[in-house]
Amino acid sequence: MAGRKWILAVLMIADSLCAAAQKIVYSEPEKDDTHRLNFEVIGKIGGNFLIYKNIRDKNWITVLDNDLKQVNRVDQDYVPANDRMINADFFPYNDFCYMIYQYQKKNVVYCMASRIDVNGKKTGNVVQLDTTQIGFAASNKIYTVLTSEDKNKIIVFKINSRNKKLYMLTTLLMNDKLELQKKSRLAIPMDEFHGYLSEFHLDNDGDLVFSQFYRGNNDNISQAALVVKYALADSLSVKELQIEKTQLDEIHIKIDNSNKRYFLTSFYYKERKGNIEGFYFYIWDKTMVQPAVESTYILNDELRKDAKGDATVKMAFNDYFIRNIITRKDGGFIIGSEAYYTTSRFNTWNRWDYLNNPYYMSPLNNYYYSPYYNSYWWNSRWNNSQTVRYHADNIAVLSFNKEAKLEWTNVLSKEQFDDESDDFLSYQLVNTGGLLHFLFNLQERRNNLLNDFSITPGGQLTHNPTLKNLDRGYEFMPKYAKQVSARQMIIPCQYRNYICFAKIDYN
């Protein structure tokens with residue numbers, strides 16, 4: 001009888017694993033979808049999937065149905081030519097999306113917004129949100145646009161860094177109809193040589209949250225603060241971090257709207273340019289108006305041994321970067337980090353050179369800049385450099401309760417590298433509520449095969465069966481993928497030197 005129960009349990013588990021993911025469906029590439037295509041997965045709008053594409057002076061939106069069959073292609077002919085276009089951001093809603101873009105004409109940068117329907121067509125007039133007069137050609141973003149988690153608030157802001165000791169922050173807070181709620185202009189005192197701003201986020205109340213920190217030349221963070229610009233305020237609230245005995249690596253912020261908390265974390269060191277010791281935590285409680293947690297967690301030897309790869313136990317996390325922070329309704333949180341580095345015959349990999357990259361966190365021109373904190377990726381598309389090898393190895397996942405006490409850890413073992421670019425490396429996370437899915441490529445018989453690992457809320461790791469309809473010839477780019485609904489993901493692929501897209505459905 002016990003044997004029958006055991007067999008039944010095994011069959012039930014096997015059946016649930018097979019049902020973890022349905023088959024993949026693919027889109028057909030268009031003639032313009034070469035490997036040099038710029039693209040962004042906008043999202044799922046009214047049952048259709050919208051993808052923005054750009055190559056040379058062409059800007060268009062491709063509309064795909066549930067089977068990823070193309071139902072429309074709409075040229076966005078109101079968008080300026082590429083020599084004037086600077087950036088575009090997309091904010092999807094249930095039945096439309098906003099495209100907020102910026103471009104330069106003569107010595108003025110314009111921030112504009114268009115509303116796009118489920119068929120990819122512009123509806124109504126293009127709206128001018130703001131302008132900035134400059135005296136040079138702007139190749140980088142001047143405006144940063146963020147939305148709150150519930151999508152009821154949108155903020156557009158810019159930072160004038162002309163005075164290196166006193167930055168000027170201008171914010172325009174709007175509702176979901178792009179109606180202005182509050183405009184502010186605030187001064188931010190800065191350290192002229194070693195001061196930086198990073199990780200801007202907008203909460204559901206319309207409060208803008210970011211960090212300000214001080215990093216010496218090629219060194220760790222020795223001073224830092226959490227800064228809040230409350231929605232209707234014309235001042236900044238600065239909360240200094242007590243890090244006299246620790247030195248931080250790279251600050252990340254996550255807003256926990258359910259519990260009205262701001263979560264700040266970083267890897268930390270005990271000494272200058274030492275080995276990574278663990279995580280630093282700072283949690284600000286908006287309701288209590290005080291820190292709920294300020295503590296550190298030391299990575300233990302058992303986890304280090306699992307995560308170290310080819311490194312020593314002491315140096316196990318020196319190549320790791322924080323990738324994901326997932327907050328839970330009970331106040332707990334999960335952190336995902338990944339080993340990511342380069343090797344070269346000519347240069348030695350240096351973590352601090354990477355963190356001090358001027359394209360990562362420094363002003364990119366003499367006057368205005370948009371904080372560029374996308375250090376998660378090298379963004380090396382089209383690099384095709386044979387002198388650099390990109391590596392993306394193990395993923396370490398740690399779960400903590402609301403007091404930042406460890407609950408469980410797990411390590412997903414992988415070894416990825418590429419000499420041309422990092423397009424096909426790293427992973428993407430899919431949160432289906434009951435499971436966290438980690439999608440990444442592993443090489444099998446000289447082919448990259450997309451793998452799906454899942455972790456339960458209790459930390460149990462499962463390598464799910466090979467996804468159905470995983471056709472040969474498609475190379476997936478997981479790090480550019482986007483979760484478009486509770487159980488759907490759109491993931492870009494390369495097929496015969498063309499870009500196409502795949503949809504994965506989870507039951």
# chains A, B, ... in the order shown; residues from 1 in each chain; ligands from 1
$ residues_around --residues "Tyr93 (chain A)" --least-positions-apart "4" --cutoff "8 Å" --atoms "only C-alpha atoms" --output "list in words"
Ile45, Cys97 and Lys151 of chain A
$ write_last_selection --atoms "C-alpha atoms" --output "short mmCIF file (atom, residue, chain, number, x, y, z; two decimals), in the first residue's frame"
data_model
loop_
_atom_site.label_atom_id
_atom_site.label_comp_id
_atom_site.auth_asym_id
_atom_site.auth_seq_id
_atom_site.Cartn_x
_atom_site.Cartn_y
_atom_site.Cartn_z
CA ILE A 45 -2.63 45.48 -24.50
CA CYS A 97 0.00 52.56 -23.80
CA LYS A 151 0.38 52.89 -12.85
#
$ closest_atom_pairs --of "region 255-301 of chain A" --to "region 342-357 of chain A" --cutoff "12 Å" --atoms "only C-alpha atoms" --output "Markdown table"
| residue | atom | partner | partner_atom | distance |
| --- | --- | --- | --- | --- |
| A:Arg272 | CA | A:Trp352 | CA | 11.0 |
| A:Lys273 | CA | A:Trp352 | CA | 8.3 |
| A:Gly274 | CA | A:Trp352 | CA | 11.2 |
| A:Asn275 | CA | A:Arg351 | CA | 11.1 |
| A:Ile276 | CA | A:Arg351 | CA | 11.2 |
$ residues_around --residues "Ile504 (chain A)" --least-positions-apart "5" --cutoff "9 Å" --atoms "only C-alpha atoms" --output "list in words"
Ala21, Gln22, Lys23, Ile24, Val25, Leu467, Arg487, Gln488, Met489, Ile490 and Ile491 of chain A
$ write_last_selection --atoms "C-alpha atoms" --output "mmCIF file, in the first residue's frame"
data_model
loop_
_atom_site.group_PDB
_atom_site.id
_atom_site.type_symbol
_atom_site.label_atom_id
_atom_site.label_comp_id
_atom_site.auth_asym_id
_atom_site.auth_seq_id
_atom_site.Cartn_x
_atom_site.Cartn_y
_atom_site.Cartn_z
ATOM 1 C CA ALA A 21 5.001 25.468 -18.992
ATOM 2 C CA GLN A 22 3.022 25.095 -22.174
ATOM 3 C CA LYS A 23 4.537 25.057 -25.625
ATOM 4 C CA ILE A 24 6.359 28.046 -27.020
ATOM 5 C CA VAL A 25 4.988 29.891 -30.053
ATOM 6 C CA LEU A 467 9.882 23.412 -22.739
ATOM 7 C CA ARG A 487 1.721 33.933 -16.487
ATOM 8 C CA GLN A 488 3.058 35.059 -19.857
ATOM 9 C CA MET A 489 6.466 36.121 -21.083
ATOM 10 C CA ILE A 490 7.661 37.479 -24.429
ATOM 11 C CA ILE A 491 11.273 36.606 -25.122
#
$ select_by_dssp --residues "region 188-269 of chain A" --states "strand (DSSP E)" --output "VMD selection string"
chain A and resid 188 to 189 195 to 202 208 to 215 221 to 229 237 to 240 247 to 248 252 to 256 261 to 269
$ residues_around --residues "Arg56 (chain A)" --least-positions-apart "4" --cutoff "12 Å" --atoms "only C-alpha atoms" --output "list in words"
Asp32, Asp33, Thr34, Arg36, Leu37, Asn38, Trp60, Pro80, Ala81, Asn82, Asp83, Arg84 and Met85 of chain A
$ write_last_selection --atoms "N, CA and C atoms" --output "short mmCIF file (atom, residue, chain, number, x, y, z; two decimals), in the first residue's frame"
data_model
loop_
_atom_site.label_atom_id
_atom_site.label_comp_id
_atom_site.auth_asym_id
_atom_site.auth_seq_id
_atom_site.Cartn_x
_atom_site.Cartn_y
_atom_site.Cartn_z
N ASP A 32 12.73 43.71 -42.17
CA ASP A 32 13.57 44.71 -41.51
C ASP A 32 14.13 44.23 -40.17
N ASP A 33 13.72 43.05 -39.74
CA ASP A 33 14.10 42.57 -38.40
C ASP A 33 15.47 41.90 -38.41
N THR A 34 16.48 42.60 -38.88
CA THR A 34 17.83 42.04 -38.89
C THR A 34 18.40 42.09 -37.48
N ARG A 36 20.56 43.83 -36.30
CA ARG A 36 20.86 45.19 -35.85
C ARG A 36 19.60 45.97 -35.47
N LEU A 37 18.48 45.30 -35.40
CA LEU A 37 17.22 45.94 -35.03
C LEU A 37 17.25 46.41 -33.57
N ASN A 38 16.79 47.64 -33.33
CA ASN A 38 16.51 48.08 -31.97
C ASN A 38 15.06 47.72 -31.66
N TRP A 60 8.49 51.87 -35.94
CA TRP A 60 7.16 51.29 -36.10
C TRP A 60 6.83 50.36 -34.93
N PRO A 80 10.53 61.83 -34.66
CA PRO A 80 11.61 62.43 -35.46
C PRO A 80 12.60 61.39 -35.96
N ALA A 81 13.38 61.78 -36.96
CA ALA A 81 14.41 60.91 -37.51
C ALA A 81 15.46 60.61 -36.45
N ASN A 82 16.21 59.56 -36.67
CA ASN A 82 17.15 59.07 -35.67
C ASN A 82 18.21 60.08 -35.27
N ASP A 83 18.58 60.98 -36.18
CA ASP A 83 19.62 61.93 -35.82
C ASP A 83 19.14 62.95 -34.79
N ARG A 84 17.82 63.00 -34.57
CA ARG A 84 17.28 63.90 -33.55
C ARG A 84 16.65 63.15 -32.38
N MET A 85 16.29 61.90 -32.58
CA MET A 85 15.65 61.09 -31.55
C MET A 85 16.68 60.68 -30.49
#
$ closest_atom_pairs --of "region 378-451 of chain A" --to "region 280-288 of chain A" --cutoff "10 Å" --atoms "only C-alpha atoms" --output "Markdown table"
| residue | atom | partner | partner_atom | distance |
| --- | --- | --- | --- | --- |
| A:Lys402 | CA | A:Ile283 | CA | 9.3 |
| A:Glu403 | CA | A:Ile283 | CA | 9.0 |
| A:Ala404 | CA | A:Phe281 | CA | 7.3 |
$ write_last_selection --atoms "C-alpha atoms" --output "tab-separated table (two decimals), in the first residue's frame"
chain	number	residue	atom	x	y	z
A	402	LYS	CA	10.49	41.17	7.31
A	403	GLU	CA	13.18	41.64	9.97
A	404	ALA	CA	15.87	40.73	7.36
$ residues_around --residues "Leu248 (chain A)" --least-positions-apart "3" --cutoff "6 Å" --atoms "only C-alpha atoms" --output "PyMOL selection string"
chain A and resi 220-221+268
$ atom_distance --atom1 "CA of Asn107 (chain A)" --atom2 "CA of Arg162 (chain A)"
16.4 Å
